[in-house]
Amino acid sequence: MTTIAEAIGLSKHYGSVRAVDDVSLRLEEGRIHGLLGRNGAGKSTLMQLLTGQEFPTAGRAEVFGATPAENASVLRNVCFIKESQRYPDDFRPKHVFRSAPWFFEHWDADFAEQLVDEFRLPLNRPIKKLSRGQLSSVGVIVGLASRAPLTFFDEPYLGLDAVARQLFYDRLLADYADHPRTIVLSTHLIDEVSNLLEHVFVIDQGRLLVDESAETLRSSATTLVGRTSVIDEFVAQREVLHREGLGGLASVTVAGLGEAERRSATAAGLELAPVSLQQLVVRITGTAQKEFEVTP
Ligand SMILES: Nc1ncnc2c1ncn2[C@@H]1O[C@H](COP(=O)(O)OP(=O)(O)OP(=O)(O)O)[C@@H](O)[C@H]1O
């Protein structure tokens, strides 16, 4: 694995707010990373630090082996798509796409044209007149067609309808397969993107809580469904993460379950269901919140 970018003890404080608090992580080449967390967790700030748009309070960011801030040779290989992207007042989408090759040496104009058709984006309409979803699709198209070796998507879907979001996920996955690159995707729609993600970071109150392959994270918990008495017996010695009862039936989520235990659960008549990434993230950040509340 080649590390493309790295946060080393990275912190960004705004007054008393620790937006990013001593975060160390690595972005590996040719991977799709998910950056997940609640509102205000510090995701955007972390991406701004890694793309040189903010200076750290402490620690450092290293991208392609150098400090990203004011470093043209690094930033030429980085594309950062954010929901609140601003464009010059008189710009229309066609101006954005015409100027893109100046910033991105791998820009694929044919791919951009195909995406404009698929997203039904009016090329000649002033940017100021675009709907929220159309504005988001401008960013998504730039992010995809730039084929930057390191691409950040910071909640790029605001206003995009379900069809357009699916189109984004499909094109991202297909183009990534043909042109592998390093991608960081920050989103609240965790279940929608969960199949895209290969590595997951969960951040909460500026701290990095999870740095794990998506597969490991998914297999870290299992939901068991069955008769309450059978469930109770099976989970007696286990850590129960979540429990719901329904008449004589119960559904419990337990941490980790080996192959042999899975077989014995099935033999006991229990049904096994995978836990969604979204459920796990909700649980992880919920637990962190409780720990935070009891810490003096
Ligand atoms: N320029 C700033 N001045 C003061 N506080 C800031 C500034 N930028 C961010 N913050 C604060 O830092 C924290 C992290 O913000 P950030 O935008 O990184 O969160 P986020 O995880 O991207 O949130 P969301 O999912 O809601 O977009 C928040 O508490 C936010 O209010």
# chains A, B, ... in the order shown; residues from 1 in each chain; ligands from 1
$ residues_near_ligand --ligand "ligand 1" --cutoff "10 Å" --atoms "only C-alpha atoms and all ligand atoms" --output "PyMOL selection string"
chain A and resi 12-20+35-49+54+82-83+154-155+186-188+202-206
$ residues_around --residues "stretch 106-116 of chain A" --least-positions-apart "4" --cutoff "7 Å" --atoms "only C-alpha atoms" --output "mmCIF file with C-alpha atoms, in the first residue's frame"
data_model
loop_
_atom_site.group_PDB
_atom_site.id
_atom_site.type_symbol
_atom_site.label_atom_id
_atom_site.label_comp_id
_atom_site.auth_asym_id
_atom_site.auth_seq_id
_atom_site.Cartn_x
_atom_site.Cartn_y
_atom_site.Cartn_z
ATOM 1 C CA ALA A 100 -11.422 22.732 -15.659
ATOM 2 C CA PRO A 101 -8.504 21.482 -17.844
ATOM 3 C CA ARG A 120 -29.562 16.715 -17.621
ATOM 4 C CA LEU A 121 -27.570 19.781 -16.709
ATOM 5 C CA ILE A 141 -19.216 16.247 -12.761
ATOM 6 C CA ALA A 145 -14.207 14.102 -14.907
ATOM 7 C CA SER A 146 -11.131 15.706 -13.291
ATOM 8 C CA ARG A 147 -9.813 12.209 -12.495
ATOM 9 C CA ALA A 148 -7.543 13.837 -9.928
#
$ residues_around --residues "A:Ser194" --least-positions-apart "4" --cutoff "10 Å" --atoms "only C-alpha atoms" --output "PyMOL selection string"
chain A and resi 34+189-190+198-200+214+218+276-278
$ select_by_dssp --residues "stretch 65-254 of chain A" --states "strand (DSSP E or B)" --output "VMD selection string"
chain A and resid 66 78 to 82 150 to 154 182 to 186 199 to 204 207 to 213 221 to 227 240 to 246 249 to 254
$ residues_around --residues "A:Ala268" --least-positions-apart "5" --cutoff "9 Å" --atoms "only C-alpha atoms" --output "list in words"
Val230, Phe234 and Arg263 of chain A
$ write_last_selection --atoms "C-alpha atoms" --output "short mmCIF file (atom, residue, chain, number, x, y, z; two decimals), in the first residue's frame"
data_model
loop_
_atom_site.label_atom_id
_atom_site.label_comp_id
_atom_site.auth_asym_id
_atom_site.auth_seq_id
_atom_site.Cartn_x
_atom_site.Cartn_y
_atom_site.Cartn_z
CA VAL A 230 -33.34 -18.83 22.68
CA PHE A 234 -27.35 -17.48 23.32
CA ARG A 263 -23.24 -22.01 12.89
#
$ residues_around --residues "A:Val235" --least-positions-apart "2" --cutoff "10 Å" --atoms "only C-alpha atoms" --output "ChimeraX atom specification"
/A:224,230-233,237-240,252-254,265
$ closest_residue --among "A:Leu50, A:Leu185, A:Ser220, A:Val142" --to "A:Arg98" --atoms "only C-alpha atoms"
A:Val142
